[in-house]
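*Asks:* Provided herewith: target.cif, mmCIF, C-alpha atoms.
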```
data_upload
#
loop_
_atom_site.label_atom_id
_atom_site.label_comp_id
_atom_site.auth_asym_id
_atom_site.auth_seq_id
_atom_site.Cartn_x
_atom_site.Cartn_y
_atom_site.Cartn_z
CA MET A 1 0.00 0.00 0.00
CA TYR A 2 1.26 3.48 -0.89
CA SER A 3 0.61 6.23 1.63
CA VAL A 4 0.63 10.05 1.76
CA TYR A 5 -0.25 12.39 4.63
CA PHE A 6 -2.31 15.54 4.10
CA SER A 7 -3.32 18.24 6.56
CA PHE A 8 -6.83 19.67 6.48
CA ALA A 9 -5.29 23.15 6.39
CA GLN A 10 -3.43 22.51 3.15
CA LEU A 11 -6.60 21.15 1.55
CA GLY A 12 -8.71 24.08 2.73
CA PHE A 13 -11.27 21.99 4.60
CA THR A 14 -12.38 21.64 8.20
CA ILE A 15 -12.15 18.11 9.55
CA ASN A 16 -15.93 17.67 9.58
CA ASP A 17 -16.46 19.04 6.08
CA PHE A 18 -13.77 16.78 4.64
CA LYS A 19 -15.05 13.68 6.43
CA GLN A 20 -18.61 14.31 5.23
CA LYS A 21 -17.40 14.66 1.65
CA ALA A 22 -15.19 11.60 2.03
CA LEU A 23 -18.08 9.46 3.31
CA SER A 24 -20.37 10.61 0.47
CA TRP A 25 -17.58 9.75 -1.98
CA ALA A 26 -17.04 6.39 -0.28
CA ASP A 27 -20.74 5.55 -0.73
CA THR A 28 -20.04 5.11 -4.46
CA TYR A 29 -18.03 1.97 -3.56
CA LYS A 30 -19.58 -1.45 -3.01
CA VAL A 31 -18.16 -1.92 0.50
CA VAL A 32 -17.47 0.86 3.03
CA ALA A 33 -16.41 0.92 6.68
CA PHE A 34 -16.15 4.13 8.70
CA TYR A 35 -15.24 4.28 12.38
CA GLU A 36 -15.90 7.57 14.23
CA PRO A 37 -14.84 8.15 17.89
CA ASN A 38 -16.13 11.76 18.02
CA HIS A 39 -13.18 12.87 20.19
CA ILE A 40 -15.02 11.58 23.26
CA PRO A 41 -12.76 10.75 26.24
CA TYR A 42 -13.19 7.10 27.16
CA PRO A 43 -11.18 4.51 29.12
CA TYR A 44 -8.83 2.88 26.58
CA GLN A 45 -10.07 5.39 23.98
CA GLY A 46 -12.85 4.91 21.45
CA PHE A 47 -12.48 3.62 17.91
CA GLU A 48 -9.59 4.78 15.76
CA ASN A 49 -10.92 7.20 13.12
CA ILE A 50 -10.72 5.16 9.91
CA LEU A 51 -12.53 5.20 6.54
CA ALA A 52 -12.00 2.15 4.31
CA VAL A 53 -13.48 1.24 0.91
CA SER A 54 -13.37 -1.60 -1.59
CA ASN A 55 -15.02 -2.72 -4.82
CA THR A 56 -13.78 -6.29 -4.42
CA THR A 57 -16.66 -8.75 -4.24
CA GLU A 58 -14.67 -11.66 -2.84
CA GLN A 59 -16.09 -13.03 0.42
CA LEU A 60 -13.10 -13.67 2.70
CA ILE A 61 -15.02 -15.64 5.33
CA HIS A 62 -17.61 -18.35 4.75
CA PRO A 63 -20.61 -17.38 6.91
CA TYR A 64 -21.19 -20.91 8.18
CA HIS A 65 -17.59 -21.32 9.36
CA ALA A 66 -17.08 -17.81 10.69
CA PHE A 67 -14.37 -18.22 13.28
CA SER A 68 -12.19 -20.71 11.41
CA GLY A 69 -12.70 -18.57 8.31
CA LEU A 70 -11.54 -15.52 10.21
CA SER A 71 -8.39 -17.41 11.22
CA ASN A 72 -7.68 -18.19 7.57
CA ALA A 73 -8.37 -14.62 6.48
CA LEU A 74 -5.99 -13.19 9.10
CA ALA A 75 -3.27 -15.65 8.11
CA ALA A 76 -3.59 -14.65 4.45
CA THR A 77 -3.23 -10.87 4.81
CA GLU A 78 -0.94 -8.22 6.22
CA GLN A 79 -3.62 -5.54 5.98
CA ILE A 80 -6.27 -4.30 8.36
CA LEU A 81 -9.56 -6.20 8.11
CA CYS A 82 -12.79 -4.20 8.52
CA GLY A 83 -16.14 -5.80 9.16
CA PHE A 84 -18.88 -7.06 11.42
CA LEU A 85 -20.15 -10.09 13.31
CA SER A 86 -23.90 -10.67 13.41
CA TYR A 87 -25.60 -11.51 16.71
CA ASP A 88 -26.79 -14.79 15.17
CA LEU A 89 -23.24 -16.12 15.15
CA LYS A 90 -24.27 -17.19 18.66
CA ASN A 91 -25.37 -20.39 16.91
CA GLN A 92 -21.72 -21.12 16.05
CA VAL A 93 -20.62 -20.39 19.62
CA GLU A 94 -23.28 -22.50 21.36
CA LYS A 95 -25.91 -25.05 20.29
CA LEU A 96 -28.59 -22.47 19.55
CA LYS A 97 -30.86 -21.55 16.64
CA SER A 98 -32.45 -18.49 15.05
CA GLN A 99 -35.96 -18.87 13.65
CA ASN A 100 -37.43 -15.38 13.81
CA PRO A 101 -37.96 -13.53 10.50
CA ASP A 102 -35.06 -11.57 8.99
CA TYR A 103 -36.25 -8.48 7.12
CA LEU A 104 -32.79 -7.10 6.28
CA GLY A 105 -30.58 -9.83 4.81
CA PHE A 106 -27.15 -9.06 6.24
CA PRO A 107 -24.75 -12.03 6.17
CA LEU A 108 -23.68 -13.61 9.45
CA VAL A 109 -20.16 -12.22 9.13
CA TYR A 110 -18.28 -10.00 6.71
CA PHE A 111 -14.73 -8.65 6.70
CA PHE A 112 -12.80 -7.06 3.84
CA GLU A 113 -9.35 -5.72 2.97
CA PRO A 114 -9.49 -2.04 2.00
CA GLU A 115 -8.39 -0.96 -1.46
CA ILE A 116 -8.19 2.60 -0.10
CA ALA A 117 -8.08 3.65 3.56
CA PHE A 118 -7.95 6.95 5.41
CA TYR A 119 -6.53 7.24 8.93
CA PHE A 120 -7.67 10.53 10.48
CA ASP A 121 -6.14 12.54 13.31
CA ALA A 122 -6.93 16.03 14.61
CA GLU A 123 -4.79 17.79 11.98
CA GLY A 124 -5.21 15.68 8.87
CA PHE A 125 -5.11 12.15 7.54
CA GLU A 126 -2.93 9.47 6.00
CA VAL A 127 -4.43 7.99 2.86
CA LYS A 128 -3.29 4.53 1.75
CA SER A 129 -3.94 3.08 -1.69
CA ARG A 130 -2.80 0.05 -3.63
CA GLN A 131 -1.81 2.37 -6.49
CA ALA A 132 0.26 5.50 -5.80
CA ALA A 133 -1.06 7.22 -8.93
CA ASP A 134 -4.62 6.93 -7.61
CA ILE A 135 -4.11 9.22 -4.61
CA PRO A 136 -4.33 12.62 -6.43
CA GLN A 137 -7.43 11.38 -8.29
CA ILE A 138 -9.00 10.20 -5.02
CA LEU A 139 -8.54 13.63 -3.41
CA ALA A 140 -9.89 15.41 -6.48
CA ALA A 141 -12.96 13.16 -6.49
CA ILE A 142 -13.62 13.79 -2.79
CA LYS A 143 -13.29 17.58 -3.19
CA SER A 144 -15.86 17.57 -5.99
CA THR A 145 -18.34 15.27 -4.20
CA PRO A 146 -21.53 17.08 -3.17
CA THR A 147 -23.01 16.48 0.29
CA THR A 148 -26.51 16.87 1.61
CA THR A 149 -28.02 17.21 5.07
CA PHE A 150 -31.39 15.83 3.96
CA VAL A 151 -32.03 12.46 5.58
CA SER A 152 -34.98 11.82 3.27
CA GLU A 153 -37.01 13.71 0.70
CA THR A 154 -40.14 11.96 1.96
CA LYS A 155 -41.68 11.54 5.39
CA ILE A 156 -40.51 8.43 7.25
CA GLU A 157 -43.34 6.67 9.06
CA ILE A 158 -42.06 4.60 12.00
CA GLU A 159 -44.05 1.60 13.21
CA HIS A 160 -43.76 -0.37 16.47
CA ARG A 161 -43.51 -4.10 15.95
CA THR A 162 -44.40 -4.66 19.61
CA SER A 163 -47.22 -2.70 21.22
CA ARG A 164 -46.95 -1.33 24.73
CA GLN A 165 -49.44 -3.95 25.92
CA GLN A 166 -47.51 -6.80 24.25
CA TYR A 167 -44.29 -5.47 25.76
CA LEU A 168 -45.72 -5.37 29.28
CA HIS A 169 -47.15 -8.90 28.89
CA THR A 170 -43.78 -10.25 27.71
CA VAL A 171 -41.85 -8.61 30.53
CA LYS A 172 -44.17 -10.25 33.05
CA ALA A 173 -43.61 -13.61 31.34
CA ILE A 174 -39.84 -13.10 31.55
CA GLN A 175 -40.17 -12.29 35.25
CA GLN A 176 -41.97 -15.59 35.69
CA ASN A 177 -38.96 -17.30 34.05
CA ILE A 178 -36.75 -15.49 36.55
CA LEU A 179 -38.96 -16.61 39.43
CA GLU A 180 -38.66 -20.20 38.19
CA GLY A 181 -34.86 -19.97 38.09
CA ASP A 182 -34.31 -20.04 34.31
CA VAL A 183 -32.35 -16.77 34.30
CA TYR A 184 -31.74 -13.92 36.70
CA GLU A 185 -31.48 -11.21 34.04
CA LEU A 186 -32.58 -11.07 30.41
CA ASN A 187 -32.02 -8.36 27.80
CA TYR A 188 -35.33 -8.09 25.97
CA CYS A 189 -35.41 -6.02 22.77
CA VAL A 190 -38.12 -4.68 20.49
CA GLU A 191 -38.08 -3.33 16.94
CA PHE A 192 -39.16 -0.04 15.43
CA PHE A 193 -39.30 -0.09 11.62
CA SER A 194 -40.42 1.49 8.37
CA PRO A 195 -41.23 -0.90 5.50
CA GLU A 196 -41.08 1.81 2.79
CA ALA A 197 -38.23 4.17 3.69
CA ILE A 198 -36.06 6.01 1.20
CA ILE A 199 -33.11 7.63 2.94
CA ASN A 200 -29.71 9.06 2.13
CA PRO A 201 -27.50 6.75 4.22
CA ALA A 202 -24.51 9.10 4.55
CA ALA A 203 -26.69 12.09 5.53
CA THR A 204 -28.66 9.89 7.92
CA PHE A 205 -25.46 8.71 9.60
CA TRP A 206 -24.25 12.28 10.12
CA ALA A 207 -27.64 13.34 11.48
CA LEU A 208 -27.60 10.41 13.91
CA ASN A 209 -24.01 11.12 14.88
CA GLN A 210 -24.78 14.78 15.52
CA ALA A 211 -27.85 13.93 17.58
CA SER A 212 -26.02 11.26 19.59
CA PRO A 213 -22.19 11.43 19.31
CA THR A 214 -20.54 8.35 20.81
CA PRO A 215 -17.03 6.83 20.97
CA PHE A 216 -17.93 3.73 18.90
CA ALA A 217 -19.97 5.22 16.07
CA GLY A 218 -19.72 3.63 12.65
CA PHE A 219 -21.05 3.42 9.10
CA PHE A 220 -20.92 0.16 7.17
CA LYS A 221 -22.11 -0.44 3.62
CA LEU A 222 -22.29 -3.88 2.02
CA TYR A 223 -23.74 -3.43 -1.47
CA ASP A 224 -27.37 -2.39 -0.80
CA LYS A 225 -27.28 -2.90 2.98
CA TYR A 226 -26.26 -0.28 5.54
CA LEU A 227 -25.47 -0.12 9.22
CA LEU A 228 -25.63 3.39 10.74
CA CYS A 229 -24.31 3.05 14.26
CA ALA A 230 -24.17 5.38 17.29
CA SER A 231 -22.90 2.88 19.85
CA PRO A 232 -21.52 3.97 23.23
CA GLU A 233 -20.39 0.44 24.13
CA ARG A 234 -17.23 -1.57 23.57
CA SER A 235 -17.54 -5.32 23.35
CA LEU A 236 -13.89 -6.38 23.24
CA LYS A 237 -10.55 -4.78 22.48
CA LYS A 238 -7.10 -6.34 22.24
CA GLU A 239 -4.16 -4.02 22.79
CA GLY A 240 -0.89 -5.91 22.85
CA SER A 241 -1.39 -8.71 25.37
CA LYS A 242 -4.31 -6.94 27.09
CA LEU A 243 -8.00 -7.72 26.56
CA ILE A 244 -10.54 -5.04 27.50
CA SER A 245 -14.30 -5.39 27.78
CA GLN A 246 -16.61 -2.58 28.93
CA PRO A 247 -20.20 -3.67 29.53
CA ILE A 248 -22.90 -1.04 29.91
CA LYS A 249 -25.76 -1.71 32.28
CA GLY A 250 -27.56 1.23 33.82
CA THR A 251 -29.20 4.13 31.98
CA ILE A 252 -30.85 7.40 32.95
CA ARG A 253 -31.84 10.46 30.95
CA ARG A 254 -29.95 13.76 31.10
CA SER A 255 -31.46 17.18 31.78
CA PRO A 256 -30.55 20.60 30.35
CA ASP A 257 -30.88 21.97 33.87
CA PRO A 258 -27.49 21.52 35.62
CA LYS A 259 -28.97 20.88 39.07
CA GLU A 260 -31.43 18.27 37.82
CA ASP A 261 -28.72 16.73 35.62
CA ALA A 262 -26.46 16.31 38.66
CA ARG A 263 -29.35 14.83 40.62
CA LEU A 264 -30.08 12.31 37.85
CA ARG A 265 -26.41 11.35 37.68
CA GLU A 266 -26.35 10.70 41.41
CA GLN A 267 -29.63 8.77 41.15
CA LEU A 268 -28.03 6.40 38.64
CA ARG A 269 -24.79 6.12 40.64
CA THR A 270 -26.66 5.00 43.76
CA SER A 271 -29.44 2.93 42.17
CA GLU A 272 -29.45 -0.52 43.80
CA LYS A 273 -31.33 -1.98 40.80
CA GLU A 274 -28.85 -0.62 38.22
CA ILE A 275 -25.84 -1.63 40.32
CA ALA A 276 -27.24 -5.16 40.68
CA GLU A 277 -27.81 -5.43 36.90
CA ASN A 278 -24.32 -4.15 36.16
CA MET A 279 -22.75 -6.56 38.65
CA MET A 280 -24.53 -9.57 37.09
CA ILE A 281 -23.14 -8.73 33.65
CA MET A 282 -19.72 -7.83 35.06
CA ASP A 283 -19.49 -11.36 36.46
CA LEU A 284 -20.59 -12.83 33.12
CA VAL A 285 -17.94 -10.79 31.24
CA ARG A 286 -15.25 -11.83 33.72
CA ASN A 287 -16.17 -15.45 33.05
CA ASP A 288 -16.07 -14.92 29.27
CA LEU A 289 -12.66 -13.23 29.42
CA ALA A 290 -11.27 -15.97 31.68
CA LYS A 291 -11.64 -18.47 28.82
CA SER A 292 -9.03 -16.54 26.83
CA SER A 293 -6.82 -15.25 29.63
CA ALA A 294 -3.80 -16.14 31.70
CA ILE A 295 -4.83 -17.60 35.06
CA GLY A 296 -5.40 -14.91 37.65
CA SER A 297 -5.13 -12.01 35.21
CA VAL A 298 -8.83 -11.04 34.96
CA LYS A 299 -9.56 -7.93 37.00
CA VAL A 300 -12.14 -5.18 37.25
CA GLU A 301 -10.31 -1.89 36.67
CA GLU A 302 -13.36 0.32 37.16
CA MET A 303 -16.68 -0.74 38.65
CA PHE A 304 -19.92 1.18 38.01
CA GLY A 305 -18.32 4.21 36.35
CA ILE A 306 -20.85 6.90 35.36
CA TYR A 307 -20.28 8.42 31.91
CA GLY A 308 -22.29 11.19 30.28
CA PHE A 309 -23.40 11.23 26.66
CA GLN A 310 -25.61 13.75 24.94
CA HIS A 311 -28.98 12.33 25.99
CA LEU A 312 -28.05 9.76 28.65
CA TYR A 313 -25.87 8.82 31.57
CA GLN A 314 -24.61 5.24 31.43
CA MET A 315 -23.11 2.96 34.07
CA ILE A 316 -20.00 1.32 32.62
CA THR A 317 -17.66 -1.27 34.11
CA THR A 318 -14.18 -1.94 32.70
CA VAL A 319 -12.87 -5.52 32.88
CA THR A 320 -9.36 -6.39 31.65
CA SER A 321 -7.10 -9.41 31.43
CA THR A 322 -3.90 -10.72 29.88
CA ILE A 323 -4.50 -12.96 26.87
CA ARG A 324 -3.05 -16.43 27.45
CA PRO A 325 -0.25 -17.71 25.22
CA GLY A 326 -1.61 -19.60 22.23
CA CYS A 327 -5.04 -17.97 22.29
CA SER A 328 -5.76 -16.73 18.77
CA VAL A 329 -7.68 -13.58 17.86
CA PRO A 330 -10.72 -15.53 16.55
CA GLU A 331 -10.74 -17.69 19.70
CA ALA A 332 -10.69 -14.64 21.99
CA ILE A 333 -13.54 -13.06 20.02
CA LYS A 334 -15.58 -16.28 20.01
CA ASN A 335 -15.13 -16.83 23.76
CA ALA A 336 -16.72 -13.44 24.52
CA PHE A 337 -19.37 -13.36 21.79
CA PRO A 338 -22.03 -12.05 21.83
CA MET A 339 -21.60 -9.36 24.47
CA GLY A 340 -23.22 -10.43 27.74
CA SER A 341 -24.82 -7.01 28.29
CA MET A 342 -27.10 -7.80 25.33
CA THR A 343 -28.05 -11.33 26.40
CA GLY A 344 -28.52 -11.63 30.14
CA ALA A 345 -27.37 -14.35 32.48
CA PRO A 346 -26.87 -17.25 32.50
CA LYS A 347 -25.92 -16.52 28.94
CA ILE A 348 -27.03 -19.64 27.04
CA ARG A 349 -30.46 -19.87 28.63
CA ALA A 350 -30.91 -16.12 28.18
CA MET A 351 -30.26 -16.44 24.44
CA GLU A 352 -32.77 -19.30 24.20
CA LEU A 353 -35.43 -17.13 25.85
CA ILE A 354 -34.55 -14.16 23.65
CA GLU A 355 -35.33 -16.32 20.64
CA GLN A 356 -38.61 -17.32 22.25
CA TYR A 357 -39.85 -13.86 23.22
CA GLU A 358 -38.53 -11.56 20.51
CA THR A 359 -40.35 -11.41 17.17
CA THR A 360 -37.57 -10.22 14.84
CA ARG A 361 -34.12 -11.64 14.13
CA ARG A 362 -31.57 -9.23 15.58
CA GLY A 363 -29.16 -9.35 12.65
CA LEU A 364 -26.33 -6.92 13.27
CA PHE A 365 -28.07 -5.52 16.35
CA SER A 366 -26.26 -6.85 19.46
CA GLY A 367 -23.45 -8.09 17.23
CA SER A 368 -20.19 -6.21 16.69
CA LEU A 369 -18.70 -3.73 14.23
CA GLY A 370 -14.95 -3.22 14.23
CA TYR A 371 -11.53 -3.87 12.77
CA ILE A 372 -8.57 -6.20 13.22
CA LYS A 373 -5.05 -4.90 12.62
CA PRO A 374 -2.19 -6.85 11.03
CA ASN A 375 -0.46 -7.17 14.44
CA GLY A 376 -3.53 -8.91 15.91
CA ASP A 377 -4.84 -5.94 17.87
CA PHE A 378 -8.55 -5.33 17.36
CA ASP A 379 -11.47 -3.26 18.56
CA LEU A 380 -15.13 -4.35 18.41
CA ASN A 381 -18.15 -2.39 19.57
CA VAL A 382 -21.62 -3.58 20.54
CA VAL A 383 -24.09 -2.68 17.80
CA ILE A 384 -26.73 -0.73 19.70
CA ARG A 385 -28.40 2.67 19.08
CA SER A 386 -28.18 1.79 15.40
CA LEU A 387 -30.17 1.79 12.18
CA GLN A 388 -30.11 -1.13 9.78
CA TYR A 389 -31.28 -0.39 6.23
CA ASN A 390 -31.83 -2.44 3.09
CA ALA A 391 -31.90 0.07 0.22
CA SER A 392 -33.30 -2.46 -2.27
CA SER A 393 -36.33 -3.44 -0.19
CA ARG A 394 -36.51 0.02 1.50
CA TYR A 395 -36.77 -1.68 4.88
CA LEU A 396 -35.46 0.46 7.76
CA SER A 397 -35.07 -1.00 11.25
CA TYR A 398 -33.78 -0.15 14.68
CA MET A 399 -34.01 -2.12 17.89
CA VAL A 400 -33.78 -1.09 21.52
CA GLY A 401 -33.93 -3.07 24.75
CA SER A 402 -33.28 -3.18 28.45
CA ALA A 403 -32.29 -5.65 31.12
CA ILE A 404 -35.26 -7.34 32.75
CA THR A 405 -34.86 -8.56 36.33
CA TYR A 406 -37.38 -9.77 38.88
CA ASP A 407 -37.50 -6.26 40.38
CA SER A 408 -38.03 -4.49 37.05
CA ASP A 409 -41.04 -2.24 36.63
CA PRO A 410 -42.46 -3.15 33.17
CA GLU A 411 -43.71 0.40 32.55
CA GLN A 412 -40.34 1.90 33.44
CA GLU A 413 -38.54 -0.60 31.18
CA TYR A 414 -40.78 0.39 28.29
CA GLU A 415 -40.04 4.07 28.93
CA GLU A 416 -36.29 3.24 28.96
CA CYS A 417 -36.68 1.71 25.51
CA LEU A 418 -38.38 4.85 24.24
CA LEU A 419 -35.61 6.99 25.76
CA LYS A 420 -32.93 4.99 23.97
CA ALA A 421 -34.82 5.39 20.69
CA LYS A 422 -35.18 9.16 21.12
CA ALA A 423 -32.12 10.23 19.12
CA ILE A 424 -33.19 8.16 16.13
CA LEU A 425 -36.79 9.38 16.25
CA GLU A 426 -35.55 12.97 16.32
CA ILE A 427 -33.56 12.74 13.08
CA PHE A 428 -36.64 11.61 11.18
CA LYS A 429 -38.75 14.41 12.62
CA ASN A 430 -36.30 16.87 11.14
CA LYS A 431 -35.72 14.86 7.94
#
```
Can you present the structure in this file as structure tokens?

*Replies:*
Amino acid sequence: MYSVYFSFAQLGFTINDFKQKALSWADTYKVVAFYEPNHIPYPYQGFENILAVSNTTEQLIHPYHAFSGLSNALAATEQILCGFLSYDLKNQVEKLKSQNPDYLGFPLVYFFEPEIAFYFDAEGFEVKSRQAADIPQILAAIKSTPTTTFVSETKIEIEHRTSRQQYLHTVKAIQQNILEGDVYELNYCVEFFSPEAIINPAATFWALNQASPTPFAGFFKLYDKYLLCASPERSLKKEGSKLISQPIKGTIRRSPDPKEDARLREQLRTSEKEIAENMMIMDLVRNDLAKSSAIGSVKVEEMFGIYGFQHLYQMITTVTSTIRPGCSVPEAIKNAFPMGSMTGAPKIRAMELIEQYETTRRGLFSGSLGYIKPNGDFDLNVVIRSLQYNASSRYLSYMVGSAITYDSDPEQEYEECLLKAKAILEIFKNK
């Protein structure tokens, strides 16, 4: 790969203007991955700021042999791999099944080698291309690419797949499962959708990112399918010999009034219910990491940290370990997949009940978007607060959920789901 560094100053663009043009230009390619950390301070940092594109149609990983295929793909390249893991890969981790309808059509797994990649920093970017002569043409094409702020030229009608009454009934059924000892926490999710949506994916991503900037935001295009992601949560990161997982459990709204905002923050910090939920998932994550780690190396670096985002406060715990000798990248990912914060505990039974109670296949939701570097380091988010879109069928979907425990108030859980969906609803109000 040939590489050249450019500063935004020498190109005459602000960082945001250039990145918006670059993403609109990238959308002319068949496959696109964009990772946006939004300069948000976060333990172990957010995503690296990368834009990668390709027109290669080769599928590097067979979807029915995802983890062994990922091993082969990593062995065959010295480049970064960009891609995603669908939630339904759970069936290749445990003896599970997925029978709910899939309205989107994403594959179970997809990673690609970029033909062109941009690595952004605060002052500029390094662009890498397989052909040195292409770089001036790439910059000229980006400069001349028009951008738009219009999410859609038509009104987007959002439907609820699960009514309030159905939701409340299901939560009570889950609490009966908890009473009977099946699980002690279950992450139950519902879908909001539009069956006839025509959107501009790049403009929609920027609108979502502006409404809800997060450290693990991302845009992924695979032919006619798009993921527009505003995730605040890391699933798993490898940095040298260190593994890092940062489950989120605990949510409360923010207020524009500073006194009320401080009160809400303190309310979350001291909530016995939220602390109990977070602790359950912290233990699950510690167990998942232990499968890939040197004996005695798993530790909780920060317990119940409170972090503020634009609309919400979240309770986040940071668990780290030292990867054991001989544990491969695919093995470490498989051992912790999917993220326990999106299943519940015990994990296997929780996933069985999720399949029973939810009415839509999750697809990329609750899976992971991320990248794997040539040196074996990687960073994977949890796909939440995200839109999934099939441009051919015009089907637009987003899912939200919350952790159900025996002490949960069904009405409050439903309101939490609506709160989490707020940023996405707002961008369609403003088109």

*Asks:* Applied to this file, what does the PyMOL selection byres ((chain A and resi 254-269) around 12) return in terms of residues, put as an MDAnalysis selection string?

*Replies:* chainID A and resid 249:253 270:278 303:316 419:420

*Asks:* Pick from A:Thr317, A:Asn91, A:Ser293, A:Tyr188: nearest to Lys172 in chain A, with only C-alpha atoms counted?

*Replies:*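 Between A:Thr317, A:Asn91, A:Ser293, A:Tyr188, the residue approaching Lys172 in chain A most closely is A:Tyr188.
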
*Asks:* Could you produce a table of the residues of range 94-210 of chain A lying within 10 Å of range 226-230 of chain A, with the nearest pair of atoms per residue and their separation in Å rounded to one decimal, using all atoms listed in the file, ordered by chain and increasing residue number, as JSON lines?

*Replies:*
```
{"residue": "A:Leu104", "atom": "CA", "partner": "A:Tyr226", "partner_atom": "CA", "distance": 9.5}
{"residue": "A:Phe106", "atom": "CA", "partner": "A:Tyr226", "partner_atom": "CA", "distance": 8.9}
{"residue": "A:Pro201", "atom": "CA", "partner": "A:Tyr226", "partner_atom": "CA", "distance": 7.3}
{"residue": "A:Ala202", "atom": "CA", "partner": "A:Leu228", "partner_atom": "CA", "distance": 8.5}
{"residue": "A:Thr204", "atom": "CA", "partner": "A:Leu228", "partner_atom": "CA", "distance": 7.7}
{"residue": "A:Phe205", "atom": "CA", "partner": "A:Leu228", "partner_atom": "CA", "distance": 5.4}
{"residue": "A:Trp206", "atom": "CA", "partner": "A:Leu228", "partner_atom": "CA", "distance": 9.0}
{"residue": "A:Leu208", "atom": "CA", "partner": "A:Ala230", "partner_atom": "CA", "distance": 7.0}
{"residue": "A:Asn209", "atom": "CA", "partner": "A:Ala230", "partner_atom": "CA", "distance": 6.2}
{"residue": "A:Gln210", "atom": "CA", "partner": "A:Ala230", "partner_atom": "CA", "distance": 9.6}
```

*Asks:* Got a sec to resolve the PyMOL selection byres ((chain A and resi 72-85) around 8) on this structure and send the residues as a list in words?

*Replies:*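 Selection result, ordered by chain and number: Ala33, Ala52, Leu60, Ile61, Ser68, Gly69, Leu70, Ser71, Ser86, Tyr87, Leu89, Leu108, Val109, Tyr110, Phe111, Phe112, Glu113, Pro114, Phe220, Leu364, Gly367, Ser368, Leu369, Gly370, Tyr371, Ile372, Lys373 and Pro374 of chain A.
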
*Asks:* Considering all atoms listed in the file, return as a ChimeraX atom specification whatever protein or nucleic-acid residues lie within 12 Å of Thr322 in chain A, sequence-local ones (same chain, fewer than 2 positions apart) excluded.

*Replies:* /A:237-245,289-299,319-320,324-327,332

*Asks:* Tell me, as a ChimeraX atom specification, which residues lie within 10 Å of Ala207 in chain A, counting only C-alpha atoms; anything in the same chain fewer than 2 positions away does not count.

*Replies:* /A:149-151,201-205,209-213,423-424,426-428,430-431

*Asks:* Kindly save the residues from that selection, with C-alpha atoms included, as a PDB file, keeping the file's coordinate frame.

*Replies:*
```pdb
ATOM      1  CA  THR A 149     -28.020  17.210   5.070  1.00  0.00           C
ATOM      2  CA  PHE A 150     -31.390  15.830   3.960  1.00  0.00           C
ATOM      3  CA  VAL A 151     -32.030  12.460   5.580  1.00  0.00           C
ATOM      4  CA  PRO A 201     -27.500   6.750   4.220  1.00  0.00           C
ATOM      5  CA  ALA A 202     -24.510   9.100   4.550  1.00  0.00           C
ATOM      6  CA  ALA A 203     -26.690  12.090   5.530  1.00  0.00           C
ATOM      7  CA  THR A 204     -28.660   9.890   7.920  1.00  0.00           C
ATOM      8  CA  PHE A 205     -25.460   8.710   9.600  1.00  0.00           C
ATOM      9  CA  ASN A 209     -24.010  11.120  14.880  1.00  0.00           C
ATOM     10  CA  GLN A 210     -24.780  14.780  15.520  1.00  0.00           C
ATOM     11  CA  ALA A 211     -27.850  13.930  17.580  1.00  0.00           C
ATOM     12  CA  SER A 212     -26.020  11.260  19.590  1.00  0.00           C
ATOM     13  CA  PRO A 213     -22.190  11.430  19.310  1.00  0.00           C
ATOM     14  CA  ALA A 423     -32.120  10.230  19.120  1.00  0.00           C
ATOM     15  CA  ILE A 424     -33.190   8.160  16.130  1.00  0.00           C
ATOM     16  CA  GLU A 426     -35.550  12.970  16.320  1.00  0.00           C
ATOM     17  CA  ILE A 427     -33.560  12.740  13.080  1.00  0.00           C
ATOM     18  CA  PHE A 428     -36.640  11.610  11.180  1.00  0.00           C
ATOM     19  CA  ASN A 430     -36.300  16.870  11.140  1.00  0.00           C
ATOM     20  CA  LYS A 431     -35.720  14.860   7.940  1.00  0.00           C
TER      21      LYS A 431
END
```

*Asks:* Which residue is closest to Ile142 in chain A? Choose from A:Gln20, A:Gln45, A:Ser235, A:Gln165 and count only C-alpha atoms.

*Replies:* A:Gln20

*Asks:* Can you translate the PyMOL selection byres ((chain A and resi 100) around 9) into the concrete residues it hits in this file, as a list in words?

*Replies:* Ser98, Gln99, Pro101, Asp102, Glu355, Gln356, Glu358, Thr359, Thr360, Arg361 and Arg362 of chain A

*Asks:* List the neighbours of Ala421 in chain A out to 8 Å using only C-alpha atoms; skip same-chain residues closer than 4 positions along the sequence, and give me the result as an NGL selection string.

*Replies:* :A and (385 or 400 or 417 or 425)

*Asks:* Rank A:His65, A:Gly105, A:Ala132, A:Thr170 by their smallest atom-to-atom distance to Leu186 in chain A, using only C-alpha atoms, and report the top residue only.

*Replies:*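 Of the candidates, the smallest distance to Leu186 in chain A is held by A:Thr170.
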
*Asks:* One decimal, Å: what's the distance from CA of Ala26 in chain A over to CA of Gly218 in chain A, could you say?

*Replies:* 13.5 Å

*Asks:* Would you mind reading off the distance between CA of Ala133 in chain A and CA of Tyr2 in chain A, one decimal, in Å?

*Replies:*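 Pair CA of Ala133 in chain A / CA of Tyr2 in chain A returns 9.2 Å.
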
*Asks:* Would you please work out which residue, of A:Ala345, A:Ile248, A:Leu284, A:Ile158, is nearest to Val382 in chain A when using all atoms listed in the file?

*Replies:* A:Ile248

*Asks:* Rounded to one decimal place, report the CA of His160 in chain A-CA of Leu396 in chain A distance in Å.

*Replies:*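 Computing the Euclidean distance for CA of His160 in chain A and CA of Leu396 in chain A yields 12.1 Å.
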